[in-house]
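Student: For reference, the structure I am asking about is given below.
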Number of protein chains: 2
Amino acid sequence: MKQSKRRRLEAKGWKFGSAKEFVNLTDEDVEYIELHLSLATLLKKRRQSLGYTQTEVAALISSSQSRVAKMEAGDPTVSVDLLIRALLALGVNRRQVGRAMGAALPA
Amino acid sequence: MKQSKRRRLEAKGWKFGSAKEFVNLTDEDVEYIELHLSLATLLKKRRQSLGYTQTEVAALISSSQSRVAKMEAGDPTVSVDLLIRALLALGVNRRQVGRAMGAALPA
DNA sequence: TCTCAATATGTCAGAACTGATATATGTATG
DNA sequence: CATACATATATCAGTTCTGACATATTGAGA
């Protein structure tokens with residue numbers, strides 16, 4: 001896997017295994033992170049296309065603005081479960097969620 | 001939504017809101033549960049097609065046989081994150097995971 | 001520049017999830 | 001039937017995730 005891709009992911013705060021000098025991501029790890037980021041990206045796009053603020057979305061899903069911000073930022077402390085629940089709350093169906101999961105990441 | 005579908009889901013142990021007399025699932029809740037069960041089904045099929053036991057899969061993903069059993073059974077205490085990580089560990093890529101998420105449930 | 005709404009970042013107690021363990025229930029084979 | 005292996009179910013302490021809160025940063029208008 002590409003160095004550039006690693007750095008892009010690490011910048012979000014993702015860290016695996018021994019963070020000694022250099023992170024060692026397996027292909028599965030990368031697959032998981034990219035999937036996570038794909039959902040984060042969709043959430044942000046969906047919210048914006050609906051014209052909602054993060055605060056409004058937070059209310060919709062009984063969460064908080066700060067957590068919605070973290071969701072959209074691809075923060076590692078946010079679970080895929082939460083991302084999916086947020087998307088469903090914004091009217092995305094599971095087929096669309098699945099589609100997004102497999103989509104290529106924006107550069 | 002159909003009564004039969006509700007009962008099928010409730011049987012797995014899924015409960016929402018006030019369990020007073022009758023469960024009240026929103027469409028989003030159902031969408032989430034079905035997505036969850038779709039992944040559980042894929043995991044079981046994938047494991048079986050690879051000829052692994054639950055114990056072997058557990059070792060692969062640093063988990064336990066009992067948790068793998070719960071994963072495959074669609075137990076509500078299993079997160080979608082864990083299901084996805086298990087699938088990735090069995091060589092399913094994120095596109096395939098996404099595809100499965102949107103698939104119709106077996107009757 | 002100042003203001004203000006939106007978004008981002010850091011922290012933490014409580015809630016949810018996890019692996020481990022024990023044990024029960026299959027389900028074959030001898 | 002017993003033994004053996006696979007799977008299911010229950011429980012629980014330790015870990016992770018969560019909403020809430022505080023605060024910082026950004027961006028657009030006046």
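Convention: chains lettered A, B, ... in structure tokens order; per-chain residue numbering from 1; ligands numbered from 1 as shown.
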Can you list, as a list in words, every protein, DNA or RNA residue that comes within 10 Å of Arg67 in chain B when you count only C-alpha atoms (C1' of nucleotides), leaving out same-chain residues fewer than 5 positions away?

Tutor: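 Once the nearby chain positions are removed, what remains is Gln54, Thr55, Ala58, Glu72, Ala73, Asp75, Thr77, Val78 and Leu82 of chain B; DT18, DG19 and DA20 of chain C.
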
Student: Just want the 9 Å neighbourhood of Pro76 in chain B, counted on only C-alpha atoms (C1' of nucleotides), with same-chain residues fewer than 5 positions away dropped. Output as a PDB file with C-alpha atoms, in the first residue's frame.

Tutor:
```
ATOM      1  CA  LYS B  12     -33.479 -12.813  18.144  1.00  0.00           C
ATOM      2  CA  GLY B  13     -33.600 -10.741  21.279  1.00  0.00           C
ATOM      3  CA  TRP B  14     -33.959  -7.290  19.756  1.00  0.00           C
ATOM      4  CA  LYS B  15     -35.986  -4.936  21.893  1.00  0.00           C
ATOM      5  CA  ILE B  33     -31.526  -4.702  12.478  1.00  0.00           C
ATOM      6  CA  HIS B  36     -27.076  -6.377  11.111  1.00  0.00           C
ATOM      7  CA  LYS B  70     -23.425 -14.693  18.896  1.00  0.00           C
ATOM      8  CA  MET B  71     -22.218 -12.860  15.796  1.00  0.00           C
TER       9      MET B  71
END
```

Student: When you get a sec, could you note down which chain A residues fall within 8 Å of chain B, using only C-alpha atoms, as a PyMOL selection string?

Tutor: chain A and resi 28+31-32+35+79-81+84-85+88-89+93-103

Student: Could you take the residues named above and write them with C-alpha atoms, as a short mmCIF file (atom, residue, chain, number, x, y, z; two decimals), in the first residue's frame?

Tutor:
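The file below, selection_37.cif, is the result:
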```cif
data_model
loop_
_atom_site.label_atom_id
_atom_site.label_comp_id
_atom_site.auth_asym_id
_atom_site.auth_seq_id
_atom_site.Cartn_x
_atom_site.Cartn_y
_atom_site.Cartn_z
CA GLU A 28 -7.69 -5.39 6.72
CA GLU A 31 -9.99 -1.69 4.49
CA TYR A 32 -11.80 -0.99 7.76
CA LEU A 35 -14.89 1.96 4.91
CA SER A 79 -18.07 3.45 15.74
CA VAL A 80 -19.36 2.30 12.40
CA ASP A 81 -22.59 1.51 14.22
CA ILE A 84 -24.82 3.88 10.17
CA ARG A 85 -27.49 4.90 12.64
CA LEU A 88 -30.39 5.86 8.52
CA ALA A 89 -31.79 8.75 10.55
CA ASN A 93 -31.48 3.17 3.35
CA ARG A 94 -29.28 0.20 3.99
CA ARG A 95 -28.70 -0.46 0.33
CA GLN A 96 -27.35 3.06 -0.07
CA VAL A 97 -25.23 2.70 3.05
CA GLY A 98 -23.79 -0.47 1.62
CA ARG A 99 -23.11 1.19 -1.69
CA ALA A 100 -21.22 4.00 0.02
CA MET A 101 -19.14 1.55 2.05
CA GLY A 102 -17.58 0.17 -1.06
CA ALA A 103 -17.03 3.48 -2.79
#
```

Student: Please return as number ranges by chain: the residues of range 10-84 of chain A that backbone DSSP assigns to alpha helix (DSSP H).

Tutor: A: 10-11, 27-50, 54-60, 65-73, 80-84

Student: Any idea which chain C residues end up within 9 Å of chain A if we count only C-alpha atoms (C1' of nucleotides), as a list in words please?

Tutor: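 Matching residues, ligands excluded from the count: DA6, DT7, DA8 and DT9 of chain C.
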
Student: Would you list which chain D residues are within 9 Å of chain B using only C-alpha atoms (C1' of nucleotides), as a list in words?

Tutor: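 Here is what falls inside 9 Å: DA6, DT7, DA8 and DT9 of chain D.
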
Student: What is the CA of Thr41 in chain A to CA of Leu83 in chain B distance in Å?

Tutor: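 For CA of Thr41 in chain A relative to CA of Leu83 in chain B, the distance reads 21.3 Å.
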
Student: Enter the distance from CA of Gly74 in chain B to CA of Leu39 in chain B, in Å, rounded to one decimal.

Tutor: 8.4 Å
